[in-house]
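Raw upload-v4.cif, mmCIF, C-alpha atoms:
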data_final
#
loop_
_atom_site.group_PDB
_atom_site.id
_atom_site.type_symbol
_atom_site.label_atom_id
_atom_site.label_comp_id
_atom_site.auth_asym_id
_atom_site.auth_seq_id
_atom_site.Cartn_x
_atom_site.Cartn_y
_atom_site.Cartn_z
ATOM 1 C CA MET A 1 1.266 12.339 -9.985
ATOM 2 C CA ASN A 2 3.805 13.704 -7.519
ATOM 3 C CA LEU A 3 5.952 10.923 -6.042
ATOM 4 C CA LYS A 4 5.420 12.343 -2.542
ATOM 5 C CA ILE A 5 1.697 11.766 -3.030
ATOM 6 C CA VAL A 6 2.432 8.240 -4.233
ATOM 7 C CA GLY A 7 4.398 7.460 -1.093
ATOM 8 C CA LEU A 8 1.690 8.932 1.088
ATOM 9 C CA ALA A 9 -1.018 6.983 -0.704
ATOM 10 C CA ILE A 10 0.797 3.695 -0.179
ATOM 11 C CA VAL A 11 1.221 4.356 3.541
ATOM 12 C CA ILE A 12 -2.482 5.158 3.840
ATOM 13 C CA LEU A 13 -3.407 2.008 1.895
ATOM 14 C CA VAL A 14 -1.277 -0.081 4.226
ATOM 15 C CA ILE A 15 -2.737 1.432 7.401
ATOM 16 C CA ILE A 16 -6.398 2.027 6.625
ATOM 17 C CA GLY A 17 -6.805 -0.790 4.123
ATOM 18 C CA GLY A 18 -5.030 -3.200 6.401
ATOM 19 C CA VAL A 19 -7.098 -2.315 9.454
ATOM 20 C CA ALA A 20 -10.369 -2.456 7.536
ATOM 21 C CA VAL A 21 -9.965 -5.888 6.012
ATOM 22 C CA TYR A 22 -7.440 -7.746 8.133
ATOM 23 C CA GLU A 23 -10.106 -9.615 10.048
ATOM 24 C CA LEU A 24 -11.601 -10.757 6.737
ATOM 25 C CA ILE A 25 -8.247 -11.958 5.408
ATOM 26 C CA LYS A 26 -6.181 -13.386 8.221
ATOM 27 C CA LYS A 27 -4.160 -15.985 6.366
ATOM 28 C CA PRO A 28 -1.855 -14.832 3.546
ATOM 29 C CA SER A 29 -2.933 -17.582 1.209
ATOM 30 C CA THR A 30 -3.874 -17.778 -2.435
ATOM 31 C CA VAL A 31 -7.084 -19.302 -3.705
ATOM 32 C CA GLU A 32 -6.080 -22.463 -5.534
ATOM 33 C CA GLN A 33 -6.968 -22.243 -9.202
ATOM 34 C CA PRO A 34 -6.068 -24.486 -12.141
ATOM 35 C CA SER A 35 -3.112 -23.380 -14.206
ATOM 36 C CA LEU A 36 -3.736 -21.220 -17.257
ATOM 37 C CA THR A 37 -3.757 -23.177 -20.491
ATOM 38 C CA GLU A 38 -3.615 -20.245 -22.948
ATOM 39 C CA ASN A 39 -0.464 -19.952 -25.043
ATOM 40 C CA HIS A 40 -0.608 -16.151 -25.040
ATOM 41 C CA VAL A 41 -1.805 -14.540 -21.840
ATOM 42 C CA ARG A 42 -2.703 -10.916 -21.192
ATOM 43 C CA ILE A 43 -2.133 -9.933 -17.563
ATOM 44 C CA VAL A 44 -3.233 -6.879 -15.644
ATOM 45 C CA SER A 45 -1.506 -6.446 -12.267
ATOM 46 C CA LEU A 46 -3.059 -4.116 -9.728
ATOM 47 C CA SER A 47 -0.681 -4.189 -6.770
ATOM 48 C CA PRO A 48 3.066 -3.438 -6.493
ATOM 49 C CA SER A 49 3.864 -6.640 -4.585
ATOM 50 C CA ASP A 50 2.222 -8.829 -7.237
ATOM 51 C CA THR A 51 3.794 -6.853 -10.076
ATOM 52 C CA GLN A 52 7.232 -7.523 -8.585
ATOM 53 C CA ASP A 53 6.469 -11.232 -8.548
ATOM 54 C CA LEU A 54 5.238 -11.283 -12.134
ATOM 55 C CA ILE A 55 8.252 -9.394 -13.464
ATOM 56 C CA ALA A 56 10.650 -11.667 -11.563
ATOM 57 C CA LEU A 57 8.861 -14.734 -12.951
ATOM 58 C CA GLY A 58 9.603 -13.490 -16.472
ATOM 59 C CA LEU A 59 6.001 -12.535 -17.223
ATOM 60 C CA GLY A 60 6.607 -8.839 -17.816
ATOM 61 C CA LYS A 61 6.140 -9.200 -21.582
ATOM 62 C CA ASP A 62 2.597 -10.481 -20.948
ATOM 63 C CA ILE A 63 1.515 -7.570 -18.742
ATOM 64 C CA VAL A 64 -0.850 -5.268 -20.622
ATOM 65 C CA GLY A 65 -1.848 -3.101 -17.652
ATOM 66 C CA VAL A 66 -0.487 -2.067 -14.246
ATOM 67 C CA ASP A 67 -1.393 0.398 -11.540
ATOM 68 C CA TYR A 68 0.588 3.628 -11.183
ATOM 69 C CA TYR A 69 2.280 2.534 -7.953
ATOM 70 C CA SER A 70 3.568 -0.629 -9.599
ATOM 71 C CA TYR A 71 4.887 1.353 -12.548
ATOM 72 C CA THR A 72 6.594 3.849 -10.251
ATOM 73 C CA LEU A 73 8.299 1.040 -8.331
ATOM 74 C CA LEU A 74 9.516 -0.580 -11.557
ATOM 75 C CA LYS A 75 10.804 2.796 -12.679
ATOM 76 C CA LEU A 76 12.755 3.187 -9.433
ATOM 77 C CA VAL A 77 14.560 -0.132 -10.018
ATOM 78 C CA ASN A 78 14.961 0.360 -13.786
ATOM 79 C CA LYS A 79 12.641 -2.474 -14.774
ATOM 80 C CA THR A 80 10.026 -0.689 -16.887
ATOM 81 C CA SER A 81 11.824 -2.133 -19.914
ATOM 82 C CA CYS A 82 10.388 -5.526 -18.907
ATOM 83 C CA LEU A 83 6.924 -4.217 -19.806
ATOM 84 C CA PRO A 84 5.536 -3.743 -23.330
ATOM 85 C CA ASN A 85 5.966 -0.214 -24.676
ATOM 86 C CA ASN A 86 2.199 0.211 -24.953
ATOM 87 C CA VAL A 87 1.364 -0.996 -21.439
ATOM 88 C CA THR A 88 -1.625 0.767 -19.893
ATOM 89 C CA VAL A 89 -0.938 2.465 -16.555
ATOM 90 C CA PHE A 90 -3.990 2.947 -14.350
ATOM 91 C CA PRO A 91 -3.691 6.064 -12.151
ATOM 92 C CA GLN A 92 -5.162 4.324 -9.114
ATOM 93 C CA ILE A 93 -5.772 0.909 -7.625
ATOM 94 C CA TYR A 94 -9.094 1.617 -5.949
ATOM 95 C CA PRO A 95 -11.762 2.002 -7.088
ATOM 96 C CA VAL A 96 -10.997 -0.351 -9.950
ATOM 97 C CA ASN A 97 -11.497 1.038 -13.452
ATOM 98 C CA ILE A 98 -13.786 -1.759 -14.650
ATOM 99 C CA SER A 99 -14.388 -0.355 -18.131
ATOM 100 C CA GLY A 100 -10.664 0.263 -18.593
ATOM 101 C CA LEU A 101 -9.911 -3.333 -17.667
ATOM 102 C CA VAL A 102 -12.541 -4.678 -20.049
ATOM 103 C CA GLU A 103 -11.030 -2.673 -22.924
ATOM 104 C CA LEU A 104 -7.694 -4.439 -22.386
ATOM 105 C CA ASN A 105 -9.366 -7.851 -22.770
ATOM 106 C CA PRO A 106 -7.095 -9.455 -20.137
ATOM 107 C CA THR A 107 -6.765 -13.185 -19.682
ATOM 108 C CA VAL A 108 -6.580 -12.547 -15.949
ATOM 109 C CA VAL A 109 -6.433 -9.637 -13.510
ATOM 110 C CA VAL A 110 -3.985 -10.220 -10.655
ATOM 111 C CA GLY A 111 -4.421 -8.286 -7.436
ATOM 112 C CA GLU A 112 -4.478 -8.281 -3.649
ATOM 113 C CA LYS A 113 -7.552 -9.396 -1.747
ATOM 114 C CA GLY A 114 -7.185 -6.516 0.667
ATOM 115 C CA LEU A 115 -7.191 -3.910 -2.100
ATOM 116 C CA LEU A 116 -9.749 -5.407 -4.464
ATOM 117 C CA TYR A 117 -12.196 -7.318 -2.276
ATOM 118 C CA GLU A 118 -14.949 -4.688 -2.532
ATOM 119 C CA CYS A 119 -14.723 -4.706 -6.350
ATOM 120 C CA ILE A 120 -14.686 -8.442 -6.990
ATOM 121 C CA ASN A 121 -18.419 -8.791 -7.661
ATOM 122 C CA SER A 122 -18.336 -5.940 -10.169
ATOM 123 C CA MET A 123 -15.297 -7.446 -11.890
ATOM 124 C CA GLN A 124 -16.962 -10.845 -12.106
ATOM 125 C CA LYS A 125 -20.141 -9.313 -13.552
ATOM 126 C CA ALA A 126 -17.939 -7.774 -16.250
ATOM 127 C CA ASP A 127 -16.602 -11.281 -17.049
ATOM 128 C CA LEU A 128 -13.131 -10.377 -15.819
ATOM 129 C CA LYS A 129 -11.201 -13.403 -14.612
ATOM 130 C CA THR A 130 -9.311 -12.627 -11.393
ATOM 131 C CA TYR A 131 -6.473 -14.222 -9.510
ATOM 132 C CA LEU A 132 -6.280 -12.867 -5.969
ATOM 133 C CA THR A 133 -3.171 -13.124 -3.848
ATOM 134 C CA ASN A 134 -2.626 -12.077 -0.264
ATOM 135 C CA ALA A 135 1.077 -11.241 0.009
ATOM 136 C CA ASP A 136 0.271 -7.851 1.556
ATOM 137 C CA TYR A 137 -0.937 -9.705 4.663
ATOM 138 C CA SER A 138 2.125 -11.897 5.002
ATOM 139 C CA SER A 139 3.850 -11.871 8.370
ATOM 140 C CA ASN A 140 7.109 -13.436 7.170
ATOM 141 C CA PHE A 141 9.099 -14.290 4.052
ATOM 142 C CA TYR A 142 7.903 -17.892 3.996
ATOM 143 C CA GLN A 143 4.377 -16.688 3.334
ATOM 144 C CA ILE A 144 5.594 -14.328 0.591
ATOM 145 C CA GLU A 145 7.433 -17.219 -1.025
ATOM 146 C CA SER A 146 4.280 -19.350 -0.832
ATOM 147 C CA CYS A 147 2.414 -16.680 -2.781
ATOM 148 C CA ILE A 148 5.207 -16.634 -5.376
ATOM 149 C CA CYS A 149 5.067 -20.410 -5.769
ATOM 150 C CA SER A 150 1.278 -20.287 -6.216
ATOM 151 C CA LEU A 151 1.642 -17.626 -8.908
ATOM 152 C CA GLY A 152 4.345 -19.692 -10.593
ATOM 153 C CA LYS A 153 2.085 -22.732 -10.637
ATOM 154 C CA TYR A 154 -0.858 -20.756 -12.006
ATOM 155 C CA PHE A 155 1.177 -19.279 -14.872
ATOM 156 C CA ASN A 156 3.142 -22.488 -15.549
ATOM 157 C CA GLU A 157 6.358 -20.871 -14.333
ATOM 158 C CA THR A 158 7.150 -23.336 -11.549
ATOM 159 C CA ASN A 159 10.881 -23.468 -12.269
ATOM 160 C CA ALA A 160 11.134 -19.676 -12.303
ATOM 161 C CA SER A 161 9.283 -19.464 -8.981
ATOM 162 C CA LYS A 162 11.722 -21.940 -7.416
ATOM 163 C CA GLU A 163 14.676 -19.932 -8.699
ATOM 164 C CA LEU A 164 13.156 -16.732 -7.333
ATOM 165 C CA VAL A 165 12.568 -18.280 -3.910
ATOM 166 C CA ASN A 166 16.145 -19.602 -3.854
ATOM 167 C CA TRP A 167 17.421 -16.136 -4.754
ATOM 168 C CA MET A 168 15.400 -14.551 -1.955
ATOM 169 C CA ASN A 169 16.666 -17.064 0.596
ATOM 170 C CA SER A 170 20.278 -16.495 -0.439
ATOM 171 C CA LYS A 171 19.823 -12.741 0.027
ATOM 172 C CA LEU A 172 18.182 -13.248 3.411
ATOM 173 C CA GLN A 173 21.086 -15.405 4.562
ATOM 174 C CA GLU A 174 23.457 -12.669 3.425
ATOM 175 C CA PHE A 175 21.570 -9.756 4.993
ATOM 176 C CA SER A 176 20.106 -11.197 8.213
ATOM 177 C CA SER A 177 21.627 -10.563 11.638
ATOM 178 C CA SER A 178 20.648 -10.606 15.292
ATOM 179 C CA GLY A 179 20.701 -8.032 18.057
ATOM 180 C CA ASN A 180 18.871 -6.652 21.065
ATOM 181 C CA LYS A 181 18.101 -3.028 20.212
ATOM 182 C CA THR A 182 14.417 -2.161 20.320
ATOM 183 C CA VAL A 183 12.929 -0.488 17.266
ATOM 184 C CA ALA A 184 9.637 1.410 17.125
ATOM 185 C CA TYR A 185 8.229 1.681 13.610
ATOM 186 C CA ILE A 186 5.926 4.678 13.286
ATOM 187 C CA ASP A 187 3.844 4.347 10.150
ATOM 188 C CA TRP A 188 1.835 7.533 10.635
ATOM 189 C CA ILE A 189 1.663 10.370 13.181
ATOM 190 C CA CYS A 190 -1.779 11.942 13.630
ATOM 191 C CA PRO A 191 -2.361 15.660 14.319
ATOM 192 C CA ASN A 192 -3.378 14.749 17.889
ATOM 193 C CA TYR A 193 0.009 12.944 18.281
ATOM 194 C CA TYR A 194 -1.484 9.488 18.381
ATOM 195 C CA PHE A 195 0.436 7.234 16.013
ATOM 196 C CA TRP A 196 0.088 4.048 13.977
ATOM 197 C CA THR A 197 2.590 1.249 14.416
ATOM 198 C CA ALA A 198 3.243 -2.273 13.165
ATOM 199 C CA GLY A 199 2.427 -5.149 15.501
ATOM 200 C CA GLY A 200 4.077 -8.523 15.898
ATOM 201 C CA ASN A 201 1.983 -10.319 13.274
ATOM 202 C CA VAL A 202 2.670 -8.030 10.303
ATOM 203 C CA PHE A 203 5.488 -8.104 7.784
ATOM 204 C CA ILE A 204 7.426 -5.132 9.158
ATOM 205 C CA ASN A 205 7.949 -7.046 12.396
ATOM 206 C CA SER A 206 9.813 -9.709 10.411
ATOM 207 C CA LEU A 207 11.962 -7.043 8.721
ATOM 208 C CA ILE A 208 12.956 -5.577 12.084
ATOM 209 C CA GLN A 209 13.842 -8.978 13.519
ATOM 210 C CA LEU A 210 15.860 -10.127 10.501
ATOM 211 C CA GLY A 211 17.611 -6.762 10.437
ATOM 212 C CA GLY A 212 18.894 -7.394 13.948
ATOM 213 C CA GLY A 213 16.329 -5.606 16.104
ATOM 214 C CA ILE A 214 13.379 -6.214 18.395
ATOM 215 C CA ASN A 215 9.986 -4.694 17.583
ATOM 216 C CA ALA A 216 9.149 -2.398 20.499
ATOM 217 C CA PHE A 217 5.463 -2.969 19.761
ATOM 218 C CA GLY A 218 5.663 -6.659 18.980
ATOM 219 C CA GLU A 219 2.867 -7.368 21.442
ATOM 220 C CA CYS A 220 0.438 -5.330 19.324
ATOM 221 C CA ILE A 221 -1.802 -6.917 16.701
ATOM 222 C CA ASN A 222 -1.954 -5.763 13.073
ATOM 223 C CA TYR A 223 -1.471 -2.041 12.454
ATOM 224 C CA GLU A 224 -2.575 -0.347 15.645
ATOM 225 C CA GLU A 225 -3.199 3.253 16.658
ATOM 226 C CA LEU A 226 -1.570 4.066 20.004
ATOM 227 C CA CYS A 227 -1.570 7.040 22.333
ATOM 228 C CA PRO A 228 1.662 8.974 23.033
ATOM 229 C CA GLY A 229 2.004 7.328 26.433
ATOM 230 C CA LYS A 230 2.580 3.946 24.782
ATOM 231 C CA LEU A 231 5.672 5.296 23.022
ATOM 232 C CA ILE A 232 7.036 6.662 26.277
ATOM 233 C CA GLU A 233 6.336 3.360 27.998
ATOM 234 C CA ALA A 234 8.035 1.320 25.266
ATOM 235 C CA ASN A 235 11.104 3.615 25.357
ATOM 236 C CA PRO A 236 12.666 2.245 22.128
ATOM 237 C CA ASP A 237 16.362 2.533 21.306
ATOM 238 C CA ILE A 238 15.591 3.453 17.698
ATOM 239 C CA LEU A 239 12.719 5.217 15.963
ATOM 240 C CA VAL A 240 11.911 4.581 12.289
ATOM 241 C CA VAL A 241 9.352 7.111 11.084
ATOM 242 C CA ASN A 242 7.451 7.263 7.811
ATOM 243 C CA VAL A 243 7.385 10.850 6.580
ATOM 244 C CA VAL A 244 3.967 12.529 6.804
ATOM 245 C CA TYR A 245 3.580 14.946 3.850
ATOM 246 C CA ASN A 246 7.107 16.376 4.256
ATOM 247 C CA ILE A 247 10.117 16.034 6.518
ATOM 248 C CA SER A 248 9.634 19.377 8.321
ATOM 249 C CA TYR A 249 6.062 18.621 9.282
ATOM 250 C CA THR A 250 6.987 15.105 10.396
ATOM 251 C CA LYS A 251 9.779 16.402 12.622
ATOM 252 C CA TYR A 252 7.371 18.943 14.067
ATOM 253 C CA LEU A 253 4.798 16.261 14.886
ATOM 254 C CA LEU A 254 7.407 13.956 16.382
ATOM 255 C CA SER A 255 8.979 16.663 18.541
ATOM 256 C CA HIS A 256 5.566 17.627 19.940
ATOM 257 C CA ILE A 257 4.537 14.145 21.042
ATOM 258 C CA PRO A 258 4.052 14.591 24.799
ATOM 259 C CA GLY A 259 6.990 13.094 26.696
ATOM 260 C CA ILE A 260 9.067 12.335 23.587
ATOM 261 C CA GLN A 261 12.089 14.025 25.203
ATOM 262 C CA ASN A 262 12.238 11.136 27.676
ATOM 263 C CA VAL A 263 12.464 8.439 24.987
ATOM 264 C CA THR A 264 15.953 6.958 24.606
ATOM 265 C CA ALA A 265 15.881 7.076 20.802
ATOM 266 C CA TYR A 266 14.950 10.754 20.853
ATOM 267 C CA LYS A 267 17.550 11.673 23.468
ATOM 268 C CA ASP A 268 20.295 9.793 21.602
ATOM 269 C CA GLY A 269 19.303 11.080 18.177
ATOM 270 C CA ASN A 270 18.577 7.589 16.856
ATOM 271 C CA ILE A 271 15.690 8.660 14.626
ATOM 272 C CA TYR A 272 15.469 7.591 10.990
ATOM 273 C CA PHE A 273 12.943 9.100 8.603
ATOM 274 C CA LEU A 274 11.734 7.108 5.591
ATOM 275 C CA CYS A 275 11.226 9.753 2.928
ATOM 276 C CA CYS A 276 8.598 9.121 0.236
ATOM 277 C CA GLN A 277 9.704 6.362 -2.112
ATOM 278 C CA SER A 278 11.914 4.627 0.457
ATOM 279 C CA SER A 279 8.768 3.131 1.988
ATOM 280 C CA TYR A 280 8.366 0.975 -1.135
ATOM 281 C CA LEU A 281 10.864 -1.468 0.390
ATOM 282 C CA THR A 282 9.187 -1.692 3.790
ATOM 283 C CA ASN A 283 5.547 -1.617 2.662
ATOM 284 C CA GLU A 284 5.554 -4.020 -0.297
ATOM 285 C CA PRO A 285 6.026 -7.713 0.640
ATOM 286 C CA GLY A 286 7.599 -8.919 -2.589
ATOM 287 C CA PRO A 287 11.076 -10.006 -3.749
ATOM 288 C CA LEU A 288 12.546 -6.518 -3.256
ATOM 289 C CA ALA A 289 11.646 -6.690 0.436
ATOM 290 C CA VAL A 290 14.819 -8.711 1.056
ATOM 291 C CA TYR A 291 16.617 -5.390 0.726
ATOM 292 C CA ALA A 292 14.433 -3.941 3.483
ATOM 293 C CA VAL A 293 16.214 -6.364 5.823
ATOM 294 C CA LEU A 294 19.511 -4.787 4.800
ATOM 295 C CA LEU A 295 17.952 -1.345 5.255
ATOM 296 C CA PHE A 296 16.932 -2.143 8.836
ATOM 297 C CA HIS A 297 20.371 -3.634 9.460
ATOM 298 C CA ASP A 298 21.967 -0.350 8.406
ATOM 299 C CA ILE A 299 19.518 1.640 10.524
ATOM 300 C CA ILE A 300 20.071 -0.477 13.625
ATOM 301 C CA ASN A 301 23.837 -0.327 13.217
ATOM 302 C CA GLY A 302 23.833 3.423 12.633
ATOM 303 C CA THR A 303 25.259 3.316 9.104
ATOM 304 C CA ALA A 304 22.142 4.706 7.406
ATOM 305 C CA PRO A 305 21.483 8.458 7.082
ATOM 306 C CA HIS A 306 18.823 9.918 9.341
ATOM 307 C CA GLN A 307 16.811 11.025 6.314
ATOM 308 C CA ILE A 308 16.568 7.969 4.087
ATOM 309 C CA THR A 309 15.785 8.765 0.462
ATOM 310 C CA TRP A 310 15.381 6.454 -2.504
ATOM 311 C CA SER A 311 18.560 7.943 -3.943
ATOM 312 C CA TRP A 312 20.528 6.699 -0.917
ATOM 313 C CA ILE A 313 18.808 3.300 -1.057
ATOM 314 C CA TYR A 314 19.526 2.960 -4.769
ATOM 315 C CA ASN A 315 23.209 3.835 -4.388
ATOM 316 C CA CYS A 316 23.995 2.123 -1.072
ATOM 317 C CA VAL A 317 21.482 -0.678 -0.517
ATOM 318 C CA LYS A 318 21.444 -1.371 -4.285
ATOM 319 C CA PRO A 319 18.067 -3.122 -4.673
ATOM 320 C CA GLU A 320 17.840 -5.231 -7.800
ATOM 321 C CA LEU A 321 14.806 -7.135 -9.026
ATOM 322 C CA PRO A 322 15.940 -10.354 -10.735
ATOM 323 C CA VAL A 323 14.171 -11.799 -13.764
ATOM 324 C CA PHE A 324 14.117 -15.585 -14.191
#

Represent the supplied structure as structure tokens.
Amino acid sequence: MNLKIVGLAIVILVIIGGVAVYELIKKPSTVEQPSLTENHVRIVSLSPSDTQDLIALGLGKDIVGVDYYSYTLLKLVNKTSCLPNNVTVFPQIYPVNISGLVELNPTVVVGEKGLLYECINSMQKADLKTYLTNADYSSNFYQIESCICSLGKYFNETNASKELVNWMNSKLQEFSSSGNKTVAYIDWICPNYYFWTAGGNVFINSLIQLGGGINAFGECINYEELCPGKLIEANPDILVVNVVYNISYTKYLLSHIPGIQNVTAYKDGNIYFLCCQSSYLTNEPGPLAVYAVLLFHDIINGTAPHQITWSWIYNCVKPELPVF
């Protein structure tokens, strides 16, 4: 699968999936379940945020199946070696490949409520044990860390979860800053020039704030579709834009938003495009998201390139997934 398609798919999952189920899953909590008692567990992980957690908790050797997006993310940070050589990679998250999961005979399938909620009944009928997290609906790092601690408790890796949380907090102390520049995060531009943005109760808002900015659409709720006039009214200092299909098309859409020439960020050239894989940092609320704070810091301070690629992130932001 082309990595551009992967990046696009993740953006669409975040927007459409988030809007569809957010009202059903408001609190980023984890259903309390007793800890596993098996000596040898077989884990299938079906979301990139959860896969990050599992790898960092030292459970990579027990993962027998992952989704393609998780595998791609691990490949980007050179952590595929943490997985068994014969790990099964599912080409998609939804719809869930029930028969493929059954063949792996997993002890438990770990996944996000927002991505798997429509498949849970089918998975239960197939006698697949599930552990559902909700990190994708976190609005801050505390809630991500709570999900990590719950996973650690479930898999009897409490000490590792504490070490991971301490590591995340040390990185946040190192990377966080404050400032007063307004940032508009554009997750998707539609052909009619309406656009999707991140409101004040979603994770990207926290990234902007910790990176030293103010979310220009912080008064919005969830991921919201807005008309062009709202962007003109907000008049942000900085625009961060997820690439739609390719950079040329995205620039075309942005430049044709009615009134965009009057927006401060556009006039000053303070526009930053997140190209393909770079959105893995901003869209996946897991341990690696601490580096998204540093990314926003660099954007807000003008030290990031205007076309942000994973190559630049890898060499300059230097994301590293720890294993405890």

> In file coordinates, which residues lie within 12 Å of (10.8, -3.8, 10.6) using all atoms listed in the file, given as number ranges by chain?
Replying inline: A: 139-140, 182-187, 197-218, 238-242, 279, 281-283, 285, 289-300

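The coordinates place CA of Cys275 (chain A) at 5.3 Å from CA of Thr309 (chain A).
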
Can you list, as a CSV table (one decimal) with C-alpha atoms, keeping the file's coordinate frame, every protein, DNA or RNA residue that comes within 8 Å of Asn270 (chain A) when you count only C-alpha atoms, leaving out same-chain residues fewer than 4 positions away?
chain,number,residue,atom,x,y,z
A,237,ASP,CA,16.4,2.5,21.3
A,238,ILE,CA,15.6,3.5,17.7
A,239,LEU,CA,12.7,5.2,16.0
A,265,ALA,CA,15.9,7.1,20.8
A,266,TYR,CA,15.0,10.8,20.9
A,302,GLY,CA,23.8,3.4,12.6
A,306,HIS,CA,18.8,9.9,9.3

>> Please list as number ranges by chain every residue within 12 Å of region 146-150 of chain A, counting all atoms listed in the file and excluding residues in the same chain fewer than 2 positions away.
In response: A: 27-35, 49-57, 111-112, 131-144, 152-166, 168, 285-287

Using the selection just defined, write its residues with C-alpha atoms as a PDB file, in the coordinates of the input.
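In the end it all went to selection-v4.pdb:
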ATOM      1  CA  LYS A  27      -4.160 -15.985   6.366  1.00  0.00           C
ATOM      2  CA  PRO A  28      -1.855 -14.832   3.546  1.00  0.00           C
ATOM      3  CA  SER A  29      -2.933 -17.582   1.209  1.00  0.00           C
ATOM      4  CA  THR A  30      -3.874 -17.778  -2.435  1.00  0.00           C
ATOM      5  CA  VAL A  31      -7.084 -19.302  -3.705  1.00  0.00           C
ATOM      6  CA  GLU A  32      -6.080 -22.463  -5.534  1.00  0.00           C
ATOM      7  CA  GLN A  33      -6.968 -22.243  -9.202  1.00  0.00           C
ATOM      8  CA  PRO A  34      -6.068 -24.486 -12.141  1.00  0.00           C
ATOM      9  CA  SER A  35      -3.112 -23.380 -14.206  1.00  0.00           C
ATOM     10  CA  SER A  49       3.864  -6.640  -4.585  1.00  0.00           C
ATOM     11  CA  ASP A  50       2.222  -8.829  -7.237  1.00  0.00           C
ATOM     12  CA  THR A  51       3.794  -6.853 -10.076  1.00  0.00           C
ATOM     13  CA  GLN A  52       7.232  -7.523  -8.585  1.00  0.00           C
ATOM     14  CA  ASP A  53       6.469 -11.232  -8.548  1.00  0.00           C
ATOM     15  CA  LEU A  54       5.238 -11.283 -12.134  1.00  0.00           C
ATOM     16  CA  ILE A  55       8.252  -9.394 -13.464  1.00  0.00           C
ATOM     17  CA  ALA A  56      10.650 -11.667 -11.563  1.00  0.00           C
ATOM     18  CA  LEU A  57       8.861 -14.734 -12.951  1.00  0.00           C
ATOM     19  CA  GLY A 111      -4.421  -8.286  -7.436  1.00  0.00           C
ATOM     20  CA  GLU A 112      -4.478  -8.281  -3.649  1.00  0.00           C
ATOM     21  CA  TYR A 131      -6.473 -14.222  -9.510  1.00  0.00           C
ATOM     22  CA  LEU A 132      -6.280 -12.867  -5.969  1.00  0.00           C
ATOM     23  CA  THR A 133      -3.171 -13.124  -3.848  1.00  0.00           C
ATOM     24  CA  ASN A 134      -2.626 -12.077  -0.264  1.00  0.00           C
ATOM     25  CA  ALA A 135       1.077 -11.241   0.009  1.00  0.00           C
ATOM     26  CA  ASP A 136       0.271  -7.851   1.556  1.00  0.00           C
ATOM     27  CA  TYR A 137      -0.937  -9.705   4.663  1.00  0.00           C
ATOM     28  CA  SER A 138       2.125 -11.897   5.002  1.00  0.00           C
ATOM     29  CA  SER A 139       3.850 -11.871   8.370  1.00  0.00           C
ATOM     30  CA  ASN A 140       7.109 -13.436   7.170  1.00  0.00           C
ATOM     31  CA  PHE A 141       9.099 -14.290   4.052  1.00  0.00           C
ATOM     32  CA  TYR A 142       7.903 -17.892   3.996  1.00  0.00           C
ATOM     33  CA  GLN A 143       4.377 -16.688   3.334  1.00  0.00           C
ATOM     34  CA  ILE A 144       5.594 -14.328   0.591  1.00  0.00           C
ATOM     35  CA  GLY A 152       4.345 -19.692 -10.593  1.00  0.00           C
ATOM     36  CA  LYS A 153       2.085 -22.732 -10.637  1.00  0.00           C
ATOM     37  CA  TYR A 154      -0.858 -20.756 -12.006  1.00  0.00           C
ATOM     38  CA  PHE A 155       1.177 -19.279 -14.872  1.00  0.00           C
ATOM     39  CA  ASN A 156       3.142 -22.488 -15.549  1.00  0.00           C
ATOM     40  CA  GLU A 157       6.358 -20.871 -14.333  1.00  0.00           C
ATOM     41  CA  THR A 158       7.150 -23.336 -11.549  1.00  0.00           C
ATOM     42  CA  ASN A 159      10.881 -23.468 -12.269  1.00  0.00           C
ATOM     43  CA  ALA A 160      11.134 -19.676 -12.303  1.00  0.00           C
ATOM     44  CA  SER A 161       9.283 -19.464  -8.981  1.00  0.00           C
ATOM     45  CA  LYS A 162      11.722 -21.940  -7.416  1.00  0.00           C
ATOM     46  CA  GLU A 163      14.676 -19.932  -8.699  1.00  0.00           C
ATOM     47  CA  LEU A 164      13.156 -16.732  -7.333  1.00  0.00           C
ATOM     48  CA  VAL A 165      12.568 -18.280  -3.910  1.00  0.00           C
ATOM     49  CA  ASN A 166      16.145 -19.602  -3.854  1.00  0.00           C
ATOM     50  CA  MET A 168      15.400 -14.551  -1.955  1.00  0.00           C
ATOM     51  CA  PRO A 285       6.026  -7.713   0.640  1.00  0.00           C
ATOM     52  CA  GLY A 286       7.599  -8.919  -2.589  1.00  0.00           C
ATOM     53  CA  PRO A 287      11.076 -10.006  -3.749  1.00  0.00           C
TER      54      PRO A 287
END

>> the PyMOL selection byres ((chain A and resi 102) around 12) - which residues does that actually catch in the file I just gave you? List them as an MDAnalysis selection string.
In response: chainID A and resid 42:44 64:65 96:101 103:109 122:129

> If you apply the PyMOL selection byres ((chain A and resi 262) around 12) to this file, what residues do you get, as a ChimeraX atom specification?
Replying inline: /A:228-229,231-237,255,257-261,263-269

Write out the residues from the selection above, keeping C-alpha atoms, as a short mmCIF file (atom, residue, chain, number, x, y, z; two decimals), in the coordinates of the input.
data_model
loop_
_atom_site.label_atom_id
_atom_site.label_comp_id
_atom_site.auth_asym_id
_atom_site.auth_seq_id
_atom_site.Cartn_x
_atom_site.Cartn_y
_atom_site.Cartn_z
CA PRO A 228 1.66 8.97 23.03
CA GLY A 229 2.00 7.33 26.43
CA LEU A 231 5.67 5.30 23.02
CA ILE A 232 7.04 6.66 26.28
CA GLU A 233 6.34 3.36 28.00
CA ALA A 234 8.04 1.32 25.27
CA ASN A 235 11.10 3.62 25.36
CA PRO A 236 12.67 2.24 22.13
CA ASP A 237 16.36 2.53 21.31
CA SER A 255 8.98 16.66 18.54
CA ILE A 257 4.54 14.14 21.04
CA PRO A 258 4.05 14.59 24.80
CA GLY A 259 6.99 13.09 26.70
CA ILE A 260 9.07 12.34 23.59
CA GLN A 261 12.09 14.02 25.20
CA VAL A 263 12.46 8.44 24.99
CA THR A 264 15.95 6.96 24.61
CA ALA A 265 15.88 7.08 20.80
CA TYR A 266 14.95 10.75 20.85
CA LYS A 267 17.55 11.67 23.47
CA ASP A 268 20.30 9.79 21.60
CA GLY A 269 19.30 11.08 18.18
#
